[in-house]
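Novice: I am sharing protein-v6.pdb, which consists of PDB, C-alpha atoms:
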```pdb
ATOM      1  CA  MET A1484     -37.913  91.199 -12.135
ATOM      2  CA  THR A1485     -36.763  87.908 -10.669
ATOM      3  CA  GLY A1486     -36.396  86.377 -14.115
ATOM      4  CA  THR A1487     -33.912  88.962 -15.309
ATOM      5  CA  SER A1488     -31.772  89.080 -12.180
ATOM      6  CA  GLU A1489     -31.549  85.307 -12.231
ATOM      7  CA  ALA A1490     -30.708  85.395 -15.907
ATOM      8  CA  ARG A1491     -27.900  87.882 -15.392
ATOM      9  CA  ASP A1492     -25.650  85.387 -13.658
ATOM     10  CA  GLY A1493     -25.626  83.422 -16.894
ATOM     11  CA  ARG A1494     -26.908  80.101 -15.619
ATOM     12  CA  ILE A1495     -30.333  80.119 -17.266
ATOM     13  CA  GLY A1496     -29.090  79.233 -20.722
ATOM     14  CA  ASN A1497     -26.961  76.368 -19.447
ATOM     15  CA  TRP A1498     -28.240  72.866 -20.085
ATOM     16  CA  LYS A1499     -28.924  70.897 -16.943
ATOM     17  CA  VAL A1500     -29.433  67.172 -16.622
ATOM     18  CA  GLY A1501     -32.640  66.098 -14.909
ATOM     19  CA  VAL A1502     -33.766  62.672 -13.800
ATOM     20  CA  VAL A1503     -37.377  61.565 -14.261
ATOM     21  CA  THR A1504     -38.826  60.617 -10.874
ATOM     22  CA  SER A1505     -42.401  59.791 -11.879
ATOM     23  CA  ILE A1506     -44.749  59.705 -14.847
ATOM     24  CA  ARG A1507     -48.524  59.925 -14.610
ATOM     25  CA  ARG A1508     -51.105  59.348 -17.319
ATOM     26  CA  GLU A1509     -53.266  62.434 -17.870
ATOM     27  CA  SER A1510     -55.149  61.319 -20.990
ATOM     28  CA  ALA A1511     -54.743  58.866 -23.872
ATOM     29  CA  SER A1512     -52.092  61.132 -25.389
ATOM     30  CA  GLY A1513     -50.910  63.109 -22.363
ATOM     31  CA  ARG A1514     -48.467  62.443 -19.547
ATOM     32  CA  SER A1515     -47.272  64.518 -16.648
ATOM     33  CA  ILE A1516     -43.611  64.025 -15.930
ATOM     34  CA  THR A1517     -41.926  64.899 -12.643
ATOM     35  CA  ILE A1518     -38.216  65.600 -12.952
ATOM     36  CA  ASP A1519     -35.472  66.389 -10.468
ATOM     37  CA  VAL A1520     -33.258  69.033 -12.060
ATOM     38  CA  PRO A1521     -30.232  69.888  -9.901
ATOM     39  CA  GLY A1522     -29.556  73.614 -10.253
ATOM     40  CA  TRP A1523     -33.061  74.489 -11.458
ATOM     41  CA  GLY A1524     -33.582  76.728  -8.432
ATOM     42  CA  GLY A1525     -37.356  77.155  -8.514
ATOM     43  CA  ASN A1526     -39.624  78.930 -10.962
ATOM     44  CA  ILE A1527     -42.452  81.445 -11.169
ATOM     45  CA  ALA A1528     -45.879  80.156 -12.240
ATOM     46  CA  GLY A1529     -46.194  80.278 -16.031
ATOM     47  CA  GLN A1530     -42.528  79.864 -16.958
ATOM     48  CA  HIS A1531     -41.320  77.224 -19.387
ATOM     49  CA  THR A1532     -38.320  75.039 -20.042
ATOM     50  CA  ASP A1533     -36.573  73.845 -23.169
ATOM     51  CA  VAL A1534     -36.050  70.093 -23.460
ATOM     52  CA  ARG A1535     -33.195  68.796 -25.630
ATOM     53  CA  LEU A1536     -33.035  65.278 -27.011
ATOM     54  CA  THR A1537     -29.831  64.034 -28.612
ATOM     55  CA  ALA A1538     -29.813  61.035 -30.949
ATOM     56  CA  ALA A1539     -26.940  58.531 -31.111
ATOM     57  CA  ASN A1540     -25.666  60.254 -34.278
ATOM     58  CA  GLY A1541     -25.499  63.624 -32.528
ATOM     59  CA  TYR A1542     -28.686  65.070 -34.045
ATOM     60  CA  THR A1543     -30.474  67.226 -31.498
ATOM     61  CA  ALA A1544     -34.031  68.466 -31.203
ATOM     62  CA  VAL A1545     -35.092  71.210 -28.788
ATOM     63  CA  ARG A1546     -38.674  72.031 -27.845
ATOM     64  CA  SER A1547     -40.320  74.266 -25.228
ATOM     65  CA  TYR A1548     -42.696  72.935 -22.588
ATOM     66  CA  SER A1549     -44.556  74.853 -19.923
ATOM     67  CA  VAL A1550     -43.930  73.919 -16.327
ATOM     68  CA  ALA A1551     -47.050  72.820 -14.416
ATOM     69  CA  SER A1552     -45.439  73.396 -11.034
ATOM     70  CA  ALA A1553     -44.279  76.597  -9.340
ATOM     71  CA  GLY A1554     -42.214  77.568  -6.351
ATOM     72  CA  VAL A1555     -38.810  76.870  -4.897
ATOM     73  CA  GLY A1556     -36.728  73.765  -5.331
ATOM     74  CA  ASP A1557     -35.278  71.600  -8.051
ATOM     75  CA  ARG A1558     -38.254  69.304  -8.653
ATOM     76  CA  ILE A1559     -40.517  70.302 -11.553
ATOM     77  CA  GLU A1560     -43.538  68.843 -13.270
ATOM     78  CA  LEU A1561     -44.145  69.044 -17.021
ATOM     79  CA  ALA A1562     -47.262  67.856 -18.809
ATOM     80  CA  VAL A1563     -46.923  66.904 -22.441
ATOM     81  CA  ASP A1564     -49.454  66.002 -25.129
ATOM     82  CA  ARG A1565     -48.298  63.725 -27.946
ATOM     83  CA  LEU A1566     -48.417  65.494 -31.298
ATOM     84  CA  PRO A1567     -48.380  62.812 -34.019
ATOM     85  CA  THR A1568     -45.999  64.765 -36.253
ATOM     86  CA  GLY A1569     -43.779  65.959 -33.420
ATOM     87  CA  GLU A1570     -40.134  65.038 -32.974
ATOM     88  CA  VAL A1571     -39.953  65.332 -29.208
ATOM     89  CA  SER A1572     -43.415  64.845 -27.693
ATOM     90  CA  PRO A1573     -43.892  61.217 -28.904
ATOM     91  CA  TYR A1574     -40.639  60.307 -27.146
ATOM     92  CA  LEU A1575     -41.662  62.080 -23.940
ATOM     93  CA  VAL A1576     -45.117  60.448 -23.921
ATOM     94  CA  ASP A1577     -44.380  56.928 -25.200
ATOM     95  CA  THR A1578     -40.742  56.099 -24.511
ATOM     96  CA  LEU A1579     -39.528  58.043 -21.490
ATOM     97  CA  ARG A1580     -39.395  56.033 -18.240
ATOM     98  CA  GLU A1581     -38.747  56.770 -14.580
ATOM     99  CA  GLY A1582     -35.016  57.056 -13.961
ATOM    100  CA  ASP A1583     -34.280  58.324 -17.482
ATOM    101  CA  GLU A1584     -32.250  61.491 -17.923
ATOM    102  CA  LEU A1585     -33.391  64.572 -19.817
ATOM    103  CA  GLU A1586     -31.505  67.745 -20.728
ATOM    104  CA  LEU A1587     -33.334  70.939 -19.786
ATOM    105  CA  ARG A1588     -32.661  74.663 -19.643
ATOM    106  CA  GLY A1589     -34.659  77.194 -17.715
ATOM    107  CA  PRO A1590     -36.706  78.481 -16.061
ATOM    108  CA  LEU A1591     -37.477  80.605 -19.127
ATOM    109  CA  GLY A1592     -39.658  83.640 -19.763
ATOM    110  CA  GLY A1593     -40.692  86.317 -17.280
ATOM    111  CA  TRP A1594     -43.697  87.737 -19.128
ATOM    112  CA  PHE A1595     -46.407  85.048 -19.174
ATOM    113  CA  VAL A1596     -46.244  84.652 -15.384
ATOM    114  CA  TRP A1597     -48.368  85.162 -12.294
ATOM    115  CA  THR A1598     -46.911  85.930  -8.872
ATOM    116  CA  PRO A1599     -48.731  85.844  -5.512
ATOM    117  CA  GLN A1600     -47.990  89.585  -5.126
ATOM    118  CA  GLN A1601     -50.671  90.254  -7.759
ATOM    119  CA  THR A1602     -54.004  90.999  -6.086
ATOM    120  CA  GLU A1603     -56.307  91.685  -9.052
ATOM    121  CA  SER A1604     -58.853  89.192 -10.426
ATOM    122  CA  VAL A1605     -57.331  86.664 -12.807
ATOM    123  CA  GLN A1606     -59.050  85.007 -15.741
ATOM    124  CA  LEU A1607     -57.337  81.900 -17.092
ATOM    125  CA  ILE A1608     -58.346  80.498 -20.478
ATOM    126  CA  GLY A1609     -56.725  77.287 -21.668
ATOM    127  CA  GLY A1610     -57.148  75.129 -24.753
ATOM    128  CA  GLY A1611     -55.928  71.518 -24.625
ATOM    129  CA  SER A1612     -52.449  71.247 -23.175
ATOM    130  CA  GLY A1613     -52.492  75.055 -22.890
ATOM    131  CA  ILE A1614     -53.739  74.307 -19.384
ATOM    132  CA  VAL A1615     -50.178  73.546 -18.237
ATOM    133  CA  PRO A1616     -48.826  77.043 -17.388
ATOM    134  CA  LEU A1617     -52.282  77.987 -16.067
ATOM    135  CA  MET A1618     -52.133  74.958 -13.747
ATOM    136  CA  ALA A1619     -48.876  76.319 -12.318
ATOM    137  CA  MET A1620     -50.690  79.614 -11.636
ATOM    138  CA  ILE A1621     -53.612  77.782  -9.987
ATOM    139  CA  ARG A1622     -51.206  75.816  -7.796
ATOM    140  CA  SER A1623     -49.182  78.905  -6.906
ATOM    141  CA  HIS A1624     -52.421  80.761  -6.104
ATOM    142  CA  GLU A1625     -53.548  77.985  -3.783
ATOM    143  CA  ALA A1626     -50.153  77.358  -2.171
ATOM    144  CA  SER A1627     -49.672  81.055  -1.378
ATOM    145  CA  GLY A1628     -53.132  81.424   0.177
ATOM    146  CA  SER A1629     -53.793  84.313  -2.230
ATOM    147  CA  ASP A1630     -57.339  85.631  -2.035
ATOM    148  CA  SER A1631     -57.337  87.162  -5.501
ATOM    149  CA  PRO A1632     -60.321  85.688  -7.349
ATOM    150  CA  PHE A1633     -59.395  83.190 -10.075
ATOM    151  CA  ARG A1634     -61.557  81.836 -12.857
ATOM    152  CA  LEU A1635     -60.587  79.171 -15.356
ATOM    153  CA  LEU A1636     -62.197  78.357 -18.696
ATOM    154  CA  TYR A1637     -60.748  75.077 -19.883
ATOM    155  CA  SER A1638     -61.517  73.911 -23.410
ATOM    156  CA  VAL A1639     -60.933  70.222 -24.219
ATOM    157  CA  ARG A1640     -62.243  67.862 -26.888
ATOM    158  CA  THR A1641     -63.923  65.420 -24.480
ATOM    159  CA  PRO A1642     -63.859  64.861 -20.704
ATOM    160  CA  LEU A1643     -61.244  62.147 -21.277
ATOM    161  CA  ASP A1644     -58.844  64.646 -22.851
ATOM    162  CA  ALA A1645     -58.623  66.826 -19.748
ATOM    163  CA  PHE A1646     -55.277  67.158 -17.996
ATOM    164  CA  PHE A1647     -55.302  67.475 -14.168
ATOM    165  CA  ARG A1648     -58.947  66.457 -14.156
ATOM    166  CA  ALA A1649     -59.193  65.339 -10.513
ATOM    167  CA  GLU A1650     -57.458  68.482  -9.272
ATOM    168  CA  LEU A1651     -59.710  70.765 -11.342
ATOM    169  CA  GLU A1652     -62.906  68.970 -10.368
ATOM    170  CA  SER A1653     -62.390  69.967  -6.726
ATOM    171  CA  PRO A1654     -61.056  73.515  -6.992
ATOM    172  CA  SER A1655     -60.157  75.685  -4.006
ATOM    173  CA  ALA A1656     -62.555  78.356  -2.705
ATOM    174  CA  ASN A1657     -61.108  81.222  -4.764
ATOM    175  CA  LEU A1658     -61.164  79.337  -8.057
ATOM    176  CA  GLU A1659     -64.139  78.837 -10.347
ATOM    177  CA  VAL A1660     -63.739  76.279 -13.150
ATOM    178  CA  THR A1661     -65.859  76.196 -16.317
ATOM    179  CA  TRP A1662     -65.389  73.345 -18.778
ATOM    180  CA  ILE A1663     -65.868  73.784 -22.521
ATOM    181  CA  PHE A1664     -66.137  70.528 -24.466
ATOM    182  CA  THR A1665     -65.523  70.912 -28.177
ATOM    183  CA  ARG A1666     -66.309  67.404 -29.545
ATOM    184  CA  ARG A1667     -68.288  65.509 -26.930
ATOM    185  CA  ALA A1668     -69.833  66.864 -23.753
ATOM    186  CA  PRO A1669     -70.694  64.555 -20.861
ATOM    187  CA  SER A1670     -74.375  63.713 -20.430
ATOM    188  CA  GLY A1671     -76.106  66.325 -18.335
ATOM    189  CA  CYS A1672     -73.796  69.103 -19.487
ATOM    190  CA  PRO A1673     -76.067  72.044 -20.386
ATOM    191  CA  ARG A1674     -73.716  73.422 -23.036
ATOM    192  CA  PRO A1675     -73.630  71.443 -26.285
ATOM    193  CA  ALA A1676     -70.195  70.448 -27.560
ATOM    194  CA  GLY A1677     -68.558  73.151 -29.673
ATOM    195  CA  ARG A1678     -65.634  75.500 -29.866
ATOM    196  CA  ILE A1679     -65.307  78.363 -27.417
ATOM    197  CA  THR A1680     -67.215  81.510 -28.363
ATOM    198  CA  ALA A1681     -67.493  85.100 -27.194
ATOM    199  CA  ALA A1682     -70.747  84.063 -25.480
ATOM    200  CA  ASP A1683     -68.815  81.578 -23.307
ATOM    201  CA  LEU A1684     -66.332  84.266 -22.341
ATOM    202  CA  GLU A1685     -69.136  86.664 -21.516
ATOM    203  CA  ALA A1686     -71.160  84.112 -19.532
ATOM    204  CA  HIS A1687     -68.326  82.614 -17.483
ATOM    205  CA  GLY A1688     -65.405  85.041 -17.574
ATOM    206  CA  PHE A1689     -64.785  88.059 -15.380
ATOM    207  CA  PRO A1690     -66.315  91.138 -17.023
ATOM    208  CA  ALA A1691     -63.961  93.648 -18.612
ATOM    209  CA  ALA A1692     -65.192  96.303 -16.164
ATOM    210  CA  LEU A1693     -63.363  94.441 -13.366
ATOM    211  CA  SER A1694     -60.060  94.853 -15.258
ATOM    212  CA  PRO A1695     -58.905  91.295 -14.648
ATOM    213  CA  THR A1696     -55.532  90.105 -15.867
ATOM    214  CA  VAL A1697     -56.242  87.480 -18.512
ATOM    215  CA  PHE A1698     -53.899  84.634 -19.430
ATOM    216  CA  VAL A1699     -54.710  82.700 -22.612
ATOM    217  CA  CYS A1700     -52.711  79.632 -23.636
ATOM    218  CA  GLY A1701     -53.366  77.068 -26.338
ATOM    219  CA  PRO A1702     -52.895  76.333 -30.028
ATOM    220  CA  THR A1703     -52.482  79.414 -32.211
ATOM    221  CA  GLY A1704     -56.040  79.346 -33.632
ATOM    222  CA  PHE A1705     -57.569  79.032 -30.164
ATOM    223  CA  VAL A1706     -55.515  81.901 -28.789
ATOM    224  CA  GLU A1707     -56.360  84.167 -31.754
ATOM    225  CA  THR A1708     -60.091  83.486 -31.419
ATOM    226  CA  VAL A1709     -60.132  84.068 -27.667
ATOM    227  CA  ALA A1710     -57.915  87.157 -27.684
ATOM    228  CA  THR A1711     -59.968  88.800 -30.433
ATOM    229  CA  ALA A1712     -63.226  88.056 -28.589
ATOM    230  CA  LEU A1713     -61.832  89.399 -25.305
ATOM    231  CA  VAL A1714     -60.874  92.710 -26.886
ATOM    232  CA  ALA A1715     -64.327  92.912 -28.536
ATOM    233  CA  LEU A1716     -65.839  92.408 -25.057
ATOM    234  CA  GLY A1717     -63.929  95.465 -23.872
ATOM    235  CA  HIS A1718     -60.848  93.932 -22.266
ATOM    236  CA  GLU A1719     -57.803  96.180 -22.459
ATOM    237  CA  PRO A1720     -55.353  94.484 -24.892
ATOM    238  CA  SER A1721     -52.474  95.202 -22.500
ATOM    239  CA  ARG A1722     -54.208  93.129 -19.803
ATOM    240  CA  VAL A1723     -54.562  90.092 -22.066
ATOM    241  CA  LYS A1724     -51.412  87.947 -22.070
ATOM    242  CA  THR A1725     -51.178  85.145 -24.583
ATOM    243  CA  GLU A1726     -48.958  82.153 -25.195
ATOM    244  CA  ARG A1727     -49.296  80.134 -28.403
ATOM    245  CA  PHE A1728     -47.768  76.760 -28.971
ATOM    246  CA  GLY A1729     -46.927  75.026 -32.183
ATOM    247  CA  GLY A1730     -46.466  71.389 -33.126
ATOM    248  CA  ALA A1731     -43.675  69.890 -31.067
TER     249      ALA A1731
ATOM    250  CA  MET B  53     -49.883  78.893 -44.235
ATOM    251  CA  VAL B  54     -47.551  78.303 -41.310
ATOM    252  CA  GLU B  55     -49.119  79.292 -38.014
ATOM    253  CA  PRO B  56     -47.043  81.629 -35.904
ATOM    254  CA  ILE B  57     -46.247  81.127 -32.265
ATOM    255  CA  ASP B  58     -45.196  84.069 -30.144
ATOM    256  CA  GLY B  59     -42.162  85.702 -28.658
ATOM    257  CA  ASN B  60     -42.373  83.629 -25.480
ATOM    258  CA  ALA B  61     -40.558  80.965 -27.528
ATOM    259  CA  LEU B  62     -37.478  83.195 -27.887
ATOM    260  CA  ALA B  63     -36.534  82.901 -24.208
ATOM    261  CA  GLY B  64     -34.635  79.626 -24.604
ATOM    262  CA  PRO B  65     -32.780  80.180 -27.887
ATOM    263  CA  LEU B  66     -31.692  83.713 -26.926
ATOM    264  CA  SER B  67     -30.596  82.564 -23.451
ATOM    265  CA  ASP B  68     -27.644  80.991 -25.271
ATOM    266  CA  LEU B  69     -26.490  84.494 -26.237
ATOM    267  CA  PHE B  70     -27.870  87.042 -23.808
ATOM    268  CA  THR B  71     -28.199  87.217 -20.059
ATOM    269  CA  PHE B  72     -31.462  89.195 -20.174
ATOM    270  CA  ASP B  73     -34.949  87.772 -20.589
ATOM    271  CA  PRO B  74     -35.941  88.653 -24.179
ATOM    272  CA  THR B  75     -39.668  88.115 -23.520
ATOM    273  CA  THR B  76     -39.875  91.164 -21.235
ATOM    274  CA  ALA B  77     -37.648  93.366 -23.421
ATOM    275  CA  SER B  78     -39.552  95.975 -25.502
ATOM    276  CA  ALA B  79     -38.748  96.705 -29.092
ATOM    277  CA  ARG B  80     -39.776  99.615 -31.296
ATOM    278  CA  CYS B  81     -40.798  98.485 -34.756
ATOM    279  CA  ALA B  82     -38.856 100.350 -37.444
ATOM    280  CA  GLY B  83     -41.840  99.976 -39.783
ATOM    281  CA  CYS B  84     -44.820 101.280 -37.810
ATOM    282  CA  GLY B  85     -43.270 102.625 -34.609
ATOM    283  CA  ASP B  86     -45.269 100.284 -32.375
ATOM    284  CA  VAL B  87     -43.580  99.552 -29.053
ATOM    285  CA  SER B  88     -44.219  96.147 -27.547
ATOM    286  CA  VAL B  89     -42.588  93.449 -25.436
ATOM    287  CA  LEU B  90     -41.019  90.724 -27.572
ATOM    288  CA  ALA B  91     -43.327  88.166 -25.913
ATOM    289  CA  ARG B  92     -46.154  89.726 -27.970
ATOM    290  CA  ALA B  93     -44.329  89.498 -31.304
ATOM    291  CA  MET B  94     -45.305  86.806 -33.809
ATOM    292  CA  VAL B  95     -42.670  84.137 -34.376
ATOM    293  CA  TYR B  96     -42.505  81.982 -37.506
ATOM    294  CA  GLY B  97     -40.380  79.022 -38.439
ATOM    295  CA  GLU B  98     -39.041  77.396 -35.303
ATOM    296  CA  PRO B  99     -37.036  75.402 -34.322
ATOM    297  CA  ASP B 100     -33.762  76.462 -35.981
ATOM    298  CA  THR B 101     -34.801  79.678 -37.643
ATOM    299  CA  PHE B 102     -36.972  82.330 -36.094
ATOM    300  CA  VAL B 103     -38.514  85.157 -38.059
ATOM    301  CA  VAL B 104     -39.910  87.602 -35.513
ATOM    302  CA  ARG B 105     -42.637  89.887 -36.816
ATOM    303  CA  CYS B 106     -44.343  92.948 -35.356
ATOM    304  CA  ALA B 107     -47.780  91.974 -33.980
ATOM    305  CA  ASN B 108     -49.137  95.325 -35.172
ATOM    306  CA  CYS B 109     -47.896  95.677 -38.787
ATOM    307  CA  ASP B 110     -46.318  92.256 -39.537
ATOM    308  CA  ASP B 111     -42.963  93.792 -40.584
ATOM    309  CA  VAL B 112     -39.923  91.691 -39.693
ATOM    310  CA  LEU B 113     -38.372  92.845 -36.401
ATOM    311  CA  MET B 114     -35.554  90.345 -36.239
ATOM    312  CA  THR B 115     -34.357  87.091 -37.739
ATOM    313  CA  ILE B 116     -32.402  84.473 -35.846
ATOM    314  CA  VAL B 117     -30.689  81.559 -37.570
ATOM    315  CA  GLN B 118     -29.126  78.835 -35.457
ATOM    316  CA  ALA B 119     -26.550  76.626 -37.150
ATOM    317  CA  PRO B 120     -24.373  74.036 -35.408
ATOM    318  CA  ASP B 121     -21.329  76.318 -35.507
ATOM    319  CA  ARG B 122     -22.850  79.818 -35.295
ATOM    320  CA  PHE B 123     -25.784  82.103 -34.619
ATOM    321  CA  CYS B 124     -26.830  84.837 -37.040
ATOM    322  CA  ILE B 125     -29.074  87.623 -35.826
ATOM    323  CA  GLU B 126     -30.476  90.317 -38.098
ATOM    324  CA  LEU B 127     -32.032  93.244 -36.216
ATOM    325  CA  ARG B 128     -32.729  95.786 -38.921
ATOM    326  CA  GLY B 129     -36.454  95.888 -38.213
ATOM    327  CA  MET B 130     -36.229  97.394 -34.766
ATOM    328  CA  THR B 131     -35.168 100.936 -33.910
ATOM    329  CA  TRP B 132     -34.263  99.981 -30.364
ATOM    330  CA  LEU B 133     -34.600  97.323 -27.709
ATOM    331  CA  LYS B 134     -35.334  98.285 -24.110
ATOM    332  CA  ILE B 135     -34.279  95.752 -21.498
ATOM    333  CA  PRO B 136     -35.640  95.898 -17.929
ATOM    334  CA  ARG B 137     -33.096  95.528 -15.136
TER     335      ARG B 137
END
```
What does the file become when written as structure tokens?

Specialist:
Amino acid sequence: MTGTSEARDGRIGNWKVGVVTSIRRESASGRSITIDVPGWGGNIAGQHTDVRLTAANGYTAVRSYSVASAGVGDRIELAVDRLPTGEVSPYLVDTLREGDELELRGPLGGWFVWTPQQTESVQLIGGGSGIVPLMAMIRSHEASGSDSPFRLLYSVRTPLDAFFRAELESPSANLEVTWIFTRRAPSGCPRPAGRITAADLEAHGFPAALSPTVFVCGPTGFVETVATALVALGHEPSRVKTERFGGA
Amino acid sequence: MVEPIDGNALAGPLSDLFTFDPTTASARCAGCGDVSVLARAMVYGEPDTFVVRCANCDDVLMTIVQAPDRFCIELRGMTWLKIPR
């Protein structure tokens, strides 16, 4: 495993100082943030980073964020949704500016990852900002010219809440994107607004008989619902990888 | 009730202490005998304290407390930890 051999030299846990090179608005509450992190050394699609903020009085807060980019190099992209009660995300979304410094450690985690060596069908299921690690997989899939079939089910409240909307509205040939709108669907959308159900997974996901690898990322309730439905549809639990995020 | 996250969140905090990736390490639950990667465990109570519970039986596998001057790790709930290399 790349993650473990990299970890063994002891650099992964070290805090690195990155500089914000650009910030892009993704939604009313979401921003994608591109950061140059000397010493980062590239990451596998699906990995995350810890971000540490330190107040003037020395108080620190550390939170995990998935990386939306994948591949070699020291430039990474994060995408962050503002959680009203969070300690770190409001700063990242509302206050952070280009040229600001951020402390980061990573890349972290070698389990919720996709590598271009994998050839099986891949089902991605994201809720809200749970799209972020899945976006890294989509980008890695496209950049590597992989011909393994990819499908994405992306659940968002309204079209305006979608991250990476332009990129996902013109997917590459081996990627099929299905949108699930939970509060308001655009006019002309055949599916009425509502939370994701087993019927959505059955209608738009790869069937269990194909033995796809399934990656599910989102808030805890979303992940529980989807993972339970997938197993009920016959997916092997060991092929369903999940990542839950809390309020940060 | 506090909603759990999962063992993926342990990668950063434990990278301060260990050189292996904890998310791909497998643990055997001392309660039910289930063997699973730590990424699949349920994690309660971030950011400074992590109570890691077995996804199968909900018994506590490990507890990690981070204080400014020390780490405490309690591992009584796992029989062993297998680390890929």

Novice: Please determine an axis-aligned box that encloses all atoms of segment 1609-1619 of chain A listed in the file, with 4 Å added on each side, and express its centre and edge lengths in Å to one decimal as lines of an AutoDock Vina configuration file.

Specialist:
```
center_x = -53.0
center_y = 74.6
center_z = -18.5
size_x = 16.3
size_y = 14.7
size_z = 20.4
```

Novice: What's the 7 Å shell around Leu133 of chain B, counting all atoms listed in the file, without same-chain residues fewer than 4 positions away, as a PyMOL selection string?

Specialist: chain B and resi 77-80

Novice: Just the selected residues (C-alpha atoms), exported as a PDB file, in the frame of the given file, please.

Specialist:
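File written: selection.pdb
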```pdb
ATOM      1  CA  ALA B  77     -37.648  93.366 -23.421  1.00  0.00           C
ATOM      2  CA  SER B  78     -39.552  95.975 -25.502  1.00  0.00           C
ATOM      3  CA  ALA B  79     -38.748  96.705 -29.092  1.00  0.00           C
ATOM      4  CA  ARG B  80     -39.776  99.615 -31.296  1.00  0.00           C
TER       5      ARG B  80
END
```

Novice: Report as a PDB file with C-alpha atoms, in the frame of the given file the residues that result from applying the PyMOL selection byres ((chain A and resi 1679-1693) around 10) to the structure here.

Specialist:
```pdb
ATOM      1  CA  GLU A1603     -56.307  91.685  -9.052  1.00  0.00           C
ATOM      2  CA  SER A1604     -58.853  89.192 -10.426  1.00  0.00           C
ATOM      3  CA  VAL A1605     -57.331  86.664 -12.807  1.00  0.00           C
ATOM      4  CA  GLN A1606     -59.050  85.007 -15.741  1.00  0.00           C
ATOM      5  CA  LEU A1607     -57.337  81.900 -17.092  1.00  0.00           C
ATOM      6  CA  ILE A1608     -58.346  80.498 -20.478  1.00  0.00           C
ATOM      7  CA  GLY A1610     -57.148  75.129 -24.753  1.00  0.00           C
ATOM      8  CA  PRO A1632     -60.321  85.688  -7.349  1.00  0.00           C
ATOM      9  CA  PHE A1633     -59.395  83.190 -10.075  1.00  0.00           C
ATOM     10  CA  ARG A1634     -61.557  81.836 -12.857  1.00  0.00           C
ATOM     11  CA  LEU A1635     -60.587  79.171 -15.356  1.00  0.00           C
ATOM     12  CA  LEU A1636     -62.197  78.357 -18.696  1.00  0.00           C
ATOM     13  CA  TYR A1637     -60.748  75.077 -19.883  1.00  0.00           C
ATOM     14  CA  SER A1638     -61.517  73.911 -23.410  1.00  0.00           C
ATOM     15  CA  VAL A1639     -60.933  70.222 -24.219  1.00  0.00           C
ATOM     16  CA  GLU A1659     -64.139  78.837 -10.347  1.00  0.00           C
ATOM     17  CA  VAL A1660     -63.739  76.279 -13.150  1.00  0.00           C
ATOM     18  CA  THR A1661     -65.859  76.196 -16.317  1.00  0.00           C
ATOM     19  CA  TRP A1662     -65.389  73.345 -18.778  1.00  0.00           C
ATOM     20  CA  ILE A1663     -65.868  73.784 -22.521  1.00  0.00           C
ATOM     21  CA  PHE A1664     -66.137  70.528 -24.466  1.00  0.00           C
ATOM     22  CA  THR A1665     -65.523  70.912 -28.177  1.00  0.00           C
ATOM     23  CA  ARG A1674     -73.716  73.422 -23.036  1.00  0.00           C
ATOM     24  CA  ALA A1676     -70.195  70.448 -27.560  1.00  0.00           C
ATOM     25  CA  GLY A1677     -68.558  73.151 -29.673  1.00  0.00           C
ATOM     26  CA  ARG A1678     -65.634  75.500 -29.866  1.00  0.00           C
ATOM     27  CA  SER A1694     -60.060  94.853 -15.258  1.00  0.00           C
ATOM     28  CA  PRO A1695     -58.905  91.295 -14.648  1.00  0.00           C
ATOM     29  CA  THR A1696     -55.532  90.105 -15.867  1.00  0.00           C
ATOM     30  CA  VAL A1697     -56.242  87.480 -18.512  1.00  0.00           C
ATOM     31  CA  PHE A1705     -57.569  79.032 -30.164  1.00  0.00           C
ATOM     32  CA  THR A1708     -60.091  83.486 -31.419  1.00  0.00           C
ATOM     33  CA  VAL A1709     -60.132  84.068 -27.667  1.00  0.00           C
ATOM     34  CA  ALA A1710     -57.915  87.157 -27.684  1.00  0.00           C
ATOM     35  CA  THR A1711     -59.968  88.800 -30.433  1.00  0.00           C
ATOM     36  CA  ALA A1712     -63.226  88.056 -28.589  1.00  0.00           C
ATOM     37  CA  LEU A1713     -61.832  89.399 -25.305  1.00  0.00           C
ATOM     38  CA  VAL A1714     -60.874  92.710 -26.886  1.00  0.00           C
ATOM     39  CA  ALA A1715     -64.327  92.912 -28.536  1.00  0.00           C
ATOM     40  CA  LEU A1716     -65.839  92.408 -25.057  1.00  0.00           C
ATOM     41  CA  GLY A1717     -63.929  95.465 -23.872  1.00  0.00           C
ATOM     42  CA  HIS A1718     -60.848  93.932 -22.266  1.00  0.00           C
ATOM     43  CA  GLU A1719     -57.803  96.180 -22.459  1.00  0.00           C
ATOM     44  CA  ARG A1722     -54.208  93.129 -19.803  1.00  0.00           C
TER      45      ARG A1722
END
```

Novice: Give as a PyMOL selection string every residue, naming chains and numbers as the document does, that has an atom within 6 Å of (-40.8, 77.4, -18.4), counting all atoms listed in the file.

Specialist: chain A and resi 1530-1532+1549-1550+1590-1591

Novice: I need the residue nearest Ser1721 of chain A from this list: B:Val87, B:Leu113, B:Leu127, B:Ala63. Use only C-alpha atoms for the distance.

Specialist: B:Val87

Novice: Considering only C-alpha atoms, can you say which of B:Asn60, B:Thr101, B:Asn108, B:Thr131 comes closest to Asp73 of chain B?

Specialist: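 Nearest to Asp73 of chain B: B:Asn60.
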
Novice: Please evaluate the PyMOL selection byres ((chain B) within 12 of (chain A)) against the structure above and give the resulting residues as a PyMOL selection string.

Specialist: chain B and resi 54-78+87-100+107+118-120+135-137

Novice: Name the residues that the PyMOL selection byres ((chain A and resi 1586) around 7) pulls out of this structure, and write them as a PyMOL selection string.

Specialist: chain A and resi 1498-1501+1534-1536+1584-1585+1587

Novice: Report the distance between atom CA of Cys1700 of chain A and atom CA of Thr1641 of chain A in Å, rounded to one decimal place.

Specialist: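 If I compute the distance from atom CA of Cys1700 of chain A to atom CA of Thr1641 of chain A, I get 18.1 Å.
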